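A.B. asks: Dropping a structure here in structure tokens format, bear with me for questions.
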Amino acid sequence: MRYARRALIVAWKDLVVERRSKETLNALLFFSLALLFVFQFTLGPDRERLAAVLPGVLWLGFILSGVLGLGRTFLVERDNDCWEALLLAPGDKSAVYVGKLAASLALMLVVEAIVLALFTLFFNVDLGPALPGLALVIVLGTLGIAAVGALFAAMTAQVRTRELLFPVLLLPVLVPVLLGTVKATEALLLREPLASVAHWWQLLVAADVVYVVAGLLTFDVLLEG
Amino acid sequence: MPDNWSFVAAAYGLAAIVFLGYWRRLGRKEREITALRADRGSHQPSRTGHPRPDAASRAPLP
Amino acid sequence: MVKVLGWLAVVGIAAGLTMGSAVAPREVTQGNVQRIMYLHVPAVWVAYLAFIVGFVASVVYLARRRDTADRLAHAACEVGTVFLGVNIATGAIWGKPTWGTWWTWDARLTSVAVVFVMFLAYLLLRQAVEDPERGARYAAVLGIVAALNIPLVHFSVYWWRTLHQPPSLLKPGTSAMPPSILAALLINFAALALLGAYFIARRARVLAAEAEALA
């Protein structure tokens with residue numbers, strides 16, 4: 001299982017780097033907090049309106065944090081002259097993709113869990129029985145965001161206009177994921193059963209499969225030079 | 001329901017402008033390349049004595 | 001070849017315009033403003049056909065690394081974006097007298113708008129990457145992901161608009177289309193497809209000339 005080991009090494013390296021510097025984690029957390037305040041101020045104090053837009057606002061926060069965090073996934077290699085090391089990595093380079101995907105996913109889920117907790121606190125939401133379904137939707141949605149994000153991050157790492165190009169590439173592609181997660185979250189927060197939004201989380205599963213398979217098949221093309 | 005021919009005209013007119021604009025953009029790019037080739041051709045005299053194809057002898061893009 | 005396509009396109013457009021404005025009858029419910037459909041609907045068919053061509057060309061490029069495939073992908077995606085833009089604009093112009101508004105977030109308009117932005121991003125990527133070989137590889141990957149995403153976008157947006165909502169007045173697809181209207185639609189589709197093919201062929205040729213001139 002040399003492939004899995006290589007993927008694990010890449011993921012572990014990213015997570016260790018992150019654990020030591022906490023650069024990205026802290027930035028994402030503070031960004032999400034700032035967003036929370038911005039949402040509160042721009043949407044006004046009307047409780048009912050806030051409750052109605054909460055799913056959208058939550059996922060907007062997740063996706064914007066994702067855009068920020070994912071855009072940087074390969075900067076660690078680019079800035080430290082390690083890009084060539086990636087190019088020279090032996091064997092199937094999609095193992096690097098899996099590693100990057102796993103690390104980004106872990107990082108994003110940590111940030112999202114904290115943000116979700118803060119949201120329930122600040123907007124006085126009772127998650128209760130919705131939590132397991134919500135957890136599933138969050139995992140599925142984040143997997144989709146990270147799968148496309150890791151691929152596009154590799155594409156834009158060496159481009160001069162990276163900070164602008166990455167969100168422009170990522171956001172339109174993620175529309176299905178955004179719709180699926182927001183609609184499913186909306187239903188779950190209204191205490192509807194997970195089965196009532198089966199088509200939405202099935203769409204998320206389908207999208208995740210498409211994105212991950214596309215990533216696995218095309219990633220080493222991106223690392224050719 | 002009223003016929004709104006002005007809207008029909010506007011739609012077809014807009015499409016015509018877009019397509020014509022694209023067609024002209026293609027033409028402009030072709031002219032740029034021909035000019036670039038002509039430029040290159042005149043600045044690079046043959047060194048070996050073998051005839052070097054220049055812009056004038058290439059078939060122009062139709 | 002390009003010239004032939006071009007002249008065929010001109011003939012097709014003349015036929016299409018005749019069919020659309022004179023031969024096809026005045027539509028019963030909407031009046032003559034419905035004639036915009038002869039432009040609006042074939043435009044999106046041609047655009048999506050172009051994106052499919054772009055998808056196949058991108059796959060072929062990744063598999064075989066032939067520059068012709070890369071140029072075809074680039075040209076097809078660019079021309080597809082142009083036709084999609086025409087579709088969106090003509091859709092808005094049709095919408096104003098019919099629905100009373102320039103834009104509405106209905107399923108088809110929204111899906112098409114998202115696809116349009118996706119491929120605009122493709123064109124941006126092409127411009128942003130300086131090294132041509134790397135640009136070709138990256139664009140091929142994006143072209144593949146974007147094309148694969150088209151059905152996902154359409155499904156998600158359609159469900160977003162139609163589930164838990166009362167049925168809209170304008171259902172997608174008419175039940176019975178008078179044969180003359182169908183004929184006009186198909187002839188205009190052929191005309192726009194020829195125009196699209198001509199544009200793609202000429203654009204690809206320009207790309208080839210550019211590559212040769214800058215080599």
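Within each chain, counting starts at residue 1; across the structure tokens, chains are named A, B, ... in the order shown, with ligands numbered 1 upward in that order.
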Could you please tell me, as a VMD selection string, which residues of chain C have an atom within 8 Å of chain B when using only C-alpha atoms?

C.D. replies: chain C and resid 3 29 to 33 35 to 36 39 82 86 89 to 90 93 to 94 97 199 202 to 203 206 209 to 210 213

A.B. asks: Store the residues picked out above in a file with C-alpha atoms, as a PDB file, in the first residue's frame.

C.D. replies:
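So part17.pdb came out as:
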```pdb
ATOM      1  CA  LYS C   3     -14.251  29.351 -46.095  1.00  0.00           C
ATOM      2  CA  THR C  29     -50.187  33.155 -26.727  1.00  0.00           C
ATOM      3  CA  GLN C  30     -47.065  35.277 -26.864  1.00  0.00           C
ATOM      4  CA  GLY C  31     -47.406  37.050 -30.166  1.00  0.00           C
ATOM      5  CA  ASN C  32     -44.494  37.816 -32.407  1.00  0.00           C
ATOM      6  CA  VAL C  33     -42.072  38.291 -29.534  1.00  0.00           C
ATOM      7  CA  ARG C  35     -39.749  34.767 -32.645  1.00  0.00           C
ATOM      8  CA  ILE C  36     -36.792  35.551 -30.406  1.00  0.00           C
ATOM      9  CA  LEU C  39     -32.345  32.653 -31.911  1.00  0.00           C
ATOM     10  CA  VAL C  82     -19.963  33.598 -26.973  1.00  0.00           C
ATOM     11  CA  VAL C  86     -26.059  35.528 -26.855  1.00  0.00           C
ATOM     12  CA  ALA C  89     -28.897  38.308 -23.576  1.00  0.00           C
ATOM     13  CA  THR C  90     -31.673  37.268 -25.948  1.00  0.00           C
ATOM     14  CA  ILE C  93     -34.743  40.659 -24.038  1.00  0.00           C
ATOM     15  CA  TRP C  94     -37.498  38.086 -24.477  1.00  0.00           C
ATOM     16  CA  PRO C  97     -42.129  41.917 -22.496  1.00  0.00           C
ATOM     17  CA  PHE C 199     -16.026  30.284 -35.737  1.00  0.00           C
ATOM     18  CA  ARG C 202     -11.283  29.842 -37.764  1.00  0.00           C
ATOM     19  CA  ARG C 203     -10.385  30.435 -34.113  1.00  0.00           C
ATOM     20  CA  VAL C 206      -5.724  31.631 -35.597  1.00  0.00           C
ATOM     21  CA  ALA C 209      -0.886  30.640 -36.599  1.00  0.00           C
ATOM     22  CA  GLU C 210      -0.163  32.403 -33.311  1.00  0.00           C
ATOM     23  CA  ALA C 213       4.481  32.877 -35.313  1.00  0.00           C
TER      24      ALA C 213
END
```

A.B. asks: So that I can see what lies close to stretch 18-27 of chain A, please list as a PDB file with N, CA and C atoms, in the first residue's frame the residues with an atom at most 10 Å from it, counting only C-alpha atoms and leaving out residues fewer than 5 positions away in the same chain.

C.D. replies:
```
ATOM      1  N   TRP A  12       0.047  14.200   6.536  1.00  0.00           N
ATOM      2  CA  TRP A  12       0.669  14.371   7.835  1.00  0.00           C
ATOM      3  C   TRP A  12       1.587  15.578   7.846  1.00  0.00           C
ATOM      4  N   LYS A  13       2.363  15.737   6.784  1.00  0.00           N
ATOM      5  CA  LYS A  13       3.263  16.897   6.698  1.00  0.00           C
ATOM      6  C   LYS A  13       2.462  18.194   6.789  1.00  0.00           C
ATOM      7  N   SER A  32     -13.691  33.775   9.998  1.00  0.00           N
ATOM      8  CA  SER A  32     -15.074  33.324  10.182  1.00  0.00           C
ATOM      9  C   SER A  32     -15.773  34.149  11.252  1.00  0.00           C
ATOM     10  N   LEU A  33     -15.042  34.472  12.320  1.00  0.00           N
ATOM     11  CA  LEU A  33     -15.622  35.316  13.372  1.00  0.00           C
ATOM     12  C   LEU A  33     -16.001  36.687  12.819  1.00  0.00           C
ATOM     13  N   SER A  65     -14.398  30.806   3.800  1.00  0.00           N
ATOM     14  CA  SER A  65     -13.218  30.338   4.523  1.00  0.00           C
ATOM     15  C   SER A  65     -12.471  29.308   3.698  1.00  0.00           C
ATOM     16  N   LEU A  68     -10.401  30.937   1.059  1.00  0.00           N
ATOM     17  CA  LEU A  68      -9.185  31.497   1.647  1.00  0.00           C
ATOM     18  C   LEU A  68      -8.167  30.412   1.972  1.00  0.00           C
ATOM     19  N   GLY A  69      -8.628  29.392   2.689  1.00  0.00           N
ATOM     20  CA  GLY A  69      -7.712  28.360   3.157  1.00  0.00           C
ATOM     21  C   GLY A  69      -7.194  27.483   2.042  1.00  0.00           C
ATOM     22  N   LEU A  70      -8.084  27.045   1.151  1.00  0.00           N
ATOM     23  CA  LEU A  70      -7.683  26.136   0.081  1.00  0.00           C
ATOM     24  C   LEU A  70      -6.746  26.808  -0.906  1.00  0.00           C
ATOM     25  N   ARG A  72      -4.433  28.479  -0.383  1.00  0.00           N
ATOM     26  CA  ARG A  72      -3.069  28.483   0.129  1.00  0.00           C
ATOM     27  C   ARG A  72      -2.459  27.100   0.240  1.00  0.00           C
ATOM     28  N   THR A  73      -3.207  26.060  -0.120  1.00  0.00           N
ATOM     29  CA  THR A  73      -2.708  24.701   0.141  1.00  0.00           C
ATOM     30  C   THR A  73      -1.346  24.440  -0.450  1.00  0.00           C
ATOM     31  N   ALA A 103      -5.755  16.564   4.240  1.00  0.00           N
ATOM     32  CA  ALA A 103      -5.318  17.598   5.175  1.00  0.00           C
ATOM     33  C   ALA A 103      -6.259  18.802   5.140  1.00  0.00           C
ATOM     34  N   LEU A 107      -8.597  20.221   8.206  1.00  0.00           N
ATOM     35  CA  LEU A 107      -8.494  21.599   8.655  1.00  0.00           C
ATOM     36  C   LEU A 107      -9.833  22.319   8.563  1.00  0.00           C
ATOM     37  N   MET A 108     -10.501  22.159   7.407  1.00  0.00           N
ATOM     38  CA  MET A 108     -11.778  22.838   7.204  1.00  0.00           C
ATOM     39  C   MET A 108     -12.822  22.346   8.193  1.00  0.00           C
ATOM     40  N   VAL A 110     -12.382  21.209  11.171  1.00  0.00           N
ATOM     41  CA  VAL A 110     -12.118  21.782  12.496  1.00  0.00           C
ATOM     42  C   VAL A 110     -12.659  23.206  12.561  1.00  0.00           C
ATOM     43  N   VAL A 111     -12.325  24.000  11.547  1.00  0.00           N
ATOM     44  CA  VAL A 111     -12.804  25.383  11.521  1.00  0.00           C
ATOM     45  C   VAL A 111     -14.325  25.411  11.508  1.00  0.00           C
TER      46      VAL A 111
END
```

A.B. asks: Determine, counting only C-alpha atoms, which protein, DNA and RNA residues have an atom within 12 Å of an atom of C:Asn149; residues of the same chain fewer than 2 positions away are not included. Present the result as a ChimeraX atom specification.

C.D. replies: /A:144,148,170,172-177,203,206-211,214 /C:51-52,55,111-112,114-116,118-119,142-147,151-156
